[in-house]
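Peer 1: Starting off with a structure, shown below.
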Amino acid sequence: MPITISIVEDNRGTRESLAELCNETENLRCTGAYPTGEIALREIPKCKPDVALVDINLPGMSGIECVAKLKAQLPSLQILMLTTYAETDLIFNSLRAGANGYLLKNRPAEELISAIEQVHLGGAPMTMQIARKLVEHFHQMSQPAPELETLTKREQEILALLSKGSLYKEIGDTLGISVTTVRTHLKHIYEKLHVQSRTEAAVKFLNGTKPASGFFMASS
């Protein structure tokens with residue numbers, strides 16, 4: 001079954017390009033593309049897509065308000081903010097509203113496709129620039145997580161690569177293990193760190209390690 005996607009984007013050219021990209025990708029299918037949040041709130045609950053791509057700067061209702069209202073109606077809907085804005089307050093407001101990921105529009109098409117697949121599987125994809133802003137924010141307010149000491153050497157290796165921005169397959173290739181094994185280790189990592197996403201895990205890891213520890217730091 002393809003991943004079904006709805007798009008909320010006021011720019012017609014961008015909206016049509018996104019819909020075309022989804023429909024031309026084998027495992028994706030666009031179920032609707034809407035120019036405003038008001039129309040999206042009326043139509044998306046009818047088709048119940050797996051994933052919604054939502055722009056922040058919409059006419060009338062903002063994308064952040066649209067996300068909050070969509071989540072209230074469809075709690076299981078996975079939402080990716082797709083925007084040109086990288087301001088910290090917009091990032092946090094989007095995540096508080098219920099967004100599951102945050103990507104900048106200037107990313108390559110294959111990165112967007114990968115992000116849709118990741119969020120559908122329960123991940124929290126973010127452009128590295130956005131992830132870096134989150135890390136820097138938590139560096140200013142958090143203390144090192146003692147749970148990091150409970151991780152095995154292999155779990156630390158996987159978390160280091162995860163924090164660098166590596167995808168599951170890339171982690172598996174680097175360490176010589178299968179993607180299934182990577183997912184199993186990540187499940188244990190999330191349980192030990194008491195987190196629910198790769199972003200939260202990366203924040204705890206980066207906040208609790210130093211460059212001299214031998215682990216990778218996320219690139220900007």
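Residues in the structure tokens are named by chain (A, B, ... in the order shown) and by number from 1 within that chain; ligands are numbered from 1 in the order shown.
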Would you list the contacts of A:Ser94 as a PyMOL selection string, taking every protein, DNA or RNA residue within 12 Å and counting only C-alpha atoms, but skipping same-chain residues closer than 2 positions in sequence?
Peer 2: chain A and resi 54-57+62-69+71+79-83+85-92+96-103
Peer 1: List every residue of stretch 50-200 of chain A that DSSP, applied to the backbone of this structure, places in helix (DSSP H, G or I), and write the result as a PyMOL selection string.
Peer 2: chain A and resi 63-73+88-97+109-120+128-141+146-150+153-164+168-175+179-193+198-200
Peer 1: I want to know what sits within 10 Å of stretch 185-200 of chain A, based on only C-alpha atoms, with residues of the same chain fewer than 5 positions away left out; could you give that as an mmCIF file with N, CA, C and O atoms, in the first residue's frame?
Peer 2:
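part_21.cif was written with the following content:
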```cif
data_model
loop_
_atom_site.group_PDB
_atom_site.id
_atom_site.type_symbol
_atom_site.label_atom_id
_atom_site.label_comp_id
_atom_site.auth_asym_id
_atom_site.auth_seq_id
_atom_site.Cartn_x
_atom_site.Cartn_y
_atom_site.Cartn_z
ATOM 1 N N ASN A 100 5.411 16.525 13.438
ATOM 2 C CA ASN A 100 6.318 15.402 13.696
ATOM 3 C C ASN A 100 7.685 15.573 13.045
ATOM 4 O O ASN A 100 8.602 14.787 13.301
ATOM 5 N N GLY A 101 7.832 16.582 12.196
ATOM 6 C CA GLY A 101 9.101 16.843 11.537
ATOM 7 C C GLY A 101 9.089 18.241 10.955
ATOM 8 O O GLY A 101 8.034 18.875 10.846
ATOM 9 N N GLY A 122 7.313 6.499 11.974
ATOM 10 C CA GLY A 122 7.397 6.936 13.365
ATOM 11 C C GLY A 122 8.600 7.778 13.693
ATOM 12 O O GLY A 122 8.838 8.089 14.867
ATOM 13 N N GLY A 123 9.384 8.175 12.681
ATOM 14 C CA GLY A 123 10.545 9.010 12.914
ATOM 15 C C GLY A 123 10.176 10.483 13.012
ATOM 16 O O GLY A 123 9.007 10.859 12.896
ATOM 17 N N ALA A 124 11.195 11.305 13.230
ATOM 18 C CA ALA A 124 10.987 12.753 13.329
ATOM 19 C C ALA A 124 12.025 13.465 12.477
ATOM 20 O O ALA A 124 12.963 14.078 12.978
ATOM 21 N N PRO A 125 11.903 13.387 11.142
ATOM 22 C CA PRO A 125 12.912 13.961 10.257
ATOM 23 C C PRO A 125 12.982 15.477 10.333
ATOM 24 O O PRO A 125 11.961 16.156 10.448
ATOM 25 N N MET A 126 14.212 15.975 10.311
ATOM 26 C CA MET A 126 14.427 17.416 10.327
ATOM 27 C C MET A 126 15.641 17.754 9.486
ATOM 28 O O MET A 126 16.623 17.016 9.492
ATOM 29 N N ALA A 131 17.716 20.776 13.136
ATOM 30 C CA ALA A 131 18.148 19.934 14.250
ATOM 31 C C ALA A 131 19.237 20.629 15.061
ATOM 32 O O ALA A 131 19.260 20.552 16.294
ATOM 33 N N ARG A 132 20.143 21.307 14.379
ATOM 34 C CA ARG A 132 21.215 22.017 15.065
ATOM 35 C C ARG A 132 20.666 23.109 15.964
ATOM 36 O O ARG A 132 21.147 23.313 17.096
ATOM 37 N N LEU A 134 17.776 23.123 17.440
ATOM 38 C CA LEU A 134 17.197 22.473 18.604
ATOM 39 C C LEU A 134 18.278 22.041 19.586
ATOM 40 O O LEU A 134 18.135 22.205 20.795
ATOM 41 N N VAL A 135 19.349 21.477 19.061
ATOM 42 C CA VAL A 135 20.461 21.044 19.906
ATOM 43 C C VAL A 135 21.048 22.233 20.664
ATOM 44 O O VAL A 135 21.269 22.166 21.886
ATOM 45 N N PHE A 138 18.757 23.291 23.524
ATOM 46 C CA PHE A 138 18.791 22.422 24.694
ATOM 47 C C PHE A 138 20.145 22.434 25.378
ATOM 48 O O PHE A 138 20.239 22.180 26.578
ATOM 49 N N ALA A 145 22.572 13.894 30.418
ATOM 50 C CA ALA A 145 21.652 12.826 30.815
ATOM 51 C C ALA A 145 22.425 11.647 31.402
ATOM 52 O O ALA A 145 23.240 11.042 30.713
ATOM 53 N N PRO A 146 22.176 11.280 32.671
ATOM 54 C CA PRO A 146 22.882 10.137 33.267
ATOM 55 C C PRO A 146 22.528 8.824 32.591
ATOM 56 O O PRO A 146 23.279 7.859 32.680
ATOM 57 N N GLU A 147 21.376 8.793 31.873
ATOM 58 C CA GLU A 147 20.969 7.560 31.192
ATOM 59 C C GLU A 147 21.966 7.127 30.123
ATOM 60 O O GLU A 147 22.013 5.964 29.734
ATOM 61 N N LEU A 148 22.786 8.080 29.636
ATOM 62 C CA LEU A 148 23.767 7.732 28.603
ATOM 63 C C LEU A 148 24.738 6.664 29.094
ATOM 64 O O LEU A 148 25.244 5.864 28.307
ATOM 65 N N GLU A 149 24.979 6.647 30.400
ATOM 66 C CA GLU A 149 25.919 5.676 30.954
ATOM 67 C C GLU A 149 25.379 4.252 30.908
ATOM 68 O O GLU A 149 26.140 3.291 31.048
ATOM 69 N N THR A 150 24.071 4.109 30.704
ATOM 70 C CA THR A 150 23.468 2.769 30.656
ATOM 71 C C THR A 150 23.547 2.150 29.268
ATOM 72 O O THR A 150 23.233 0.972 29.103
ATOM 73 N N LEU A 151 23.959 2.936 28.271
ATOM 74 C CA LEU A 151 24.015 2.428 26.904
ATOM 75 C C LEU A 151 25.226 1.512 26.710
ATOM 76 O O LEU A 151 26.298 1.762 27.239
ATOM 77 N N THR A 152 25.039 0.459 25.902
ATOM 78 C CA THR A 152 26.156 -0.398 25.546
ATOM 79 C C THR A 152 27.045 0.318 24.527
ATOM 80 O O THR A 152 26.661 1.357 23.966
ATOM 81 N N ARG A 154 27.798 -0.632 21.516
ATOM 82 C CA ARG A 154 27.133 -0.630 20.221
ATOM 83 C C ARG A 154 26.033 0.423 20.168
ATOM 84 O O ARG A 154 25.873 1.124 19.156
ATOM 85 N N GLU A 155 25.272 0.562 21.243
ATOM 86 C CA GLU A 155 24.201 1.560 21.282
ATOM 87 C C GLU A 155 24.790 2.968 21.206
ATOM 88 O O GLU A 155 24.225 3.860 20.559
ATOM 89 N N GLN A 156 25.937 3.188 21.849
ATOM 90 C CA GLN A 156 26.598 4.492 21.774
ATOM 91 C C GLN A 156 27.076 4.780 20.356
ATOM 92 O O GLN A 156 26.971 5.914 19.884
ATOM 93 N N ILE A 158 25.733 3.634 17.566
ATOM 94 C CA ILE A 158 24.549 3.907 16.754
ATOM 95 C C ILE A 158 24.014 5.304 17.048
ATOM 96 O O ILE A 158 23.672 6.066 16.134
ATOM 97 N N LEU A 159 23.980 5.677 18.315
ATOM 98 C CA LEU A 159 23.478 6.994 18.692
ATOM 99 C C LEU A 159 24.397 8.098 18.183
ATOM 100 O O LEU A 159 23.927 9.165 17.783
ATOM 101 N N LEU A 162 23.552 8.421 14.573
ATOM 102 C CA LEU A 162 22.218 9.016 14.482
ATOM 103 C C LEU A 162 22.300 10.525 14.688
ATOM 104 O O LEU A 162 21.672 11.303 13.968
ATOM 105 N N SER A 163 23.112 10.943 15.669
ATOM 106 C CA SER A 163 23.246 12.363 15.981
ATOM 107 C C SER A 163 23.976 13.121 14.874
ATOM 108 O O SER A 163 23.838 14.331 14.759
ATOM 109 N N GLY A 165 23.292 12.609 11.832
ATOM 110 C CA GLY A 165 22.316 12.758 10.760
ATOM 111 C C GLY A 165 22.216 11.565 9.845
ATOM 112 O O GLY A 165 21.516 11.618 8.830
ATOM 113 N N TYR A 168 19.036 5.135 8.797
ATOM 114 C CA TYR A 168 19.168 3.786 9.338
ATOM 115 C C TYR A 168 20.059 2.912 8.455
ATOM 116 O O TYR A 168 20.906 2.173 8.957
ATOM 117 N N VAL A 179 19.445 -3.262 8.844
ATOM 118 C CA VAL A 179 18.550 -2.179 9.255
ATOM 119 C C VAL A 179 17.642 -2.654 10.388
ATOM 120 O O VAL A 179 17.338 -1.897 11.319
ATOM 121 N N THR A 180 17.227 -3.914 10.342
ATOM 122 C CA THR A 180 16.390 -4.468 11.407
ATOM 123 C C THR A 180 17.120 -4.428 12.744
ATOM 124 O O THR A 180 16.544 -4.068 13.780
ATOM 125 N N PHE A 205 22.173 12.954 23.664
ATOM 126 C CA PHE A 205 23.524 12.489 23.383
ATOM 127 C C PHE A 205 24.495 13.654 23.256
ATOM 128 O O PHE A 205 25.567 13.665 23.872
#
```
Peer 1: So that I can see what lies close to A:Leu121, please list as a list in words the residues with an atom at most 12 Å from it, counting only C-alpha atoms and leaving out residues fewer than 6 positions away in the same chain.
Peer 2: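 Here the qualifying residues turn out to be Ile3, Asp50, Val51, Ser76, Leu77, Gln78, Asn100, Ser114, Ala115, Tyr168, Arg183 and Ser197 of chain A.
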Peer 1: Would you mind exporting C-alpha atoms of the selected residues as an mmCIF file, in the first residue's frame?
Peer 2:
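File written: selection_13.cif
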```cif
data_model
loop_
_atom_site.group_PDB
_atom_site.id
_atom_site.type_symbol
_atom_site.label_atom_id
_atom_site.label_comp_id
_atom_site.auth_asym_id
_atom_site.auth_seq_id
_atom_site.Cartn_x
_atom_site.Cartn_y
_atom_site.Cartn_z
ATOM 1 C CA ILE A 3 1.837 6.146 1.723
ATOM 2 C CA ASP A 50 -1.019 8.942 6.394
ATOM 3 C CA VAL A 51 1.083 12.108 6.132
ATOM 4 C CA SER A 76 -2.460 9.556 14.246
ATOM 5 C CA LEU A 77 -1.814 11.877 11.269
ATOM 6 C CA GLN A 78 1.926 12.401 10.750
ATOM 7 C CA ASN A 100 6.318 15.402 13.696
ATOM 8 C CA SER A 114 13.032 9.967 2.559
ATOM 9 C CA ALA A 115 11.546 12.276 5.207
ATOM 10 C CA TYR A 168 19.168 3.786 9.338
ATOM 11 C CA ARG A 183 15.924 -0.506 14.634
ATOM 12 C CA SER A 197 12.224 10.214 18.636
#
```
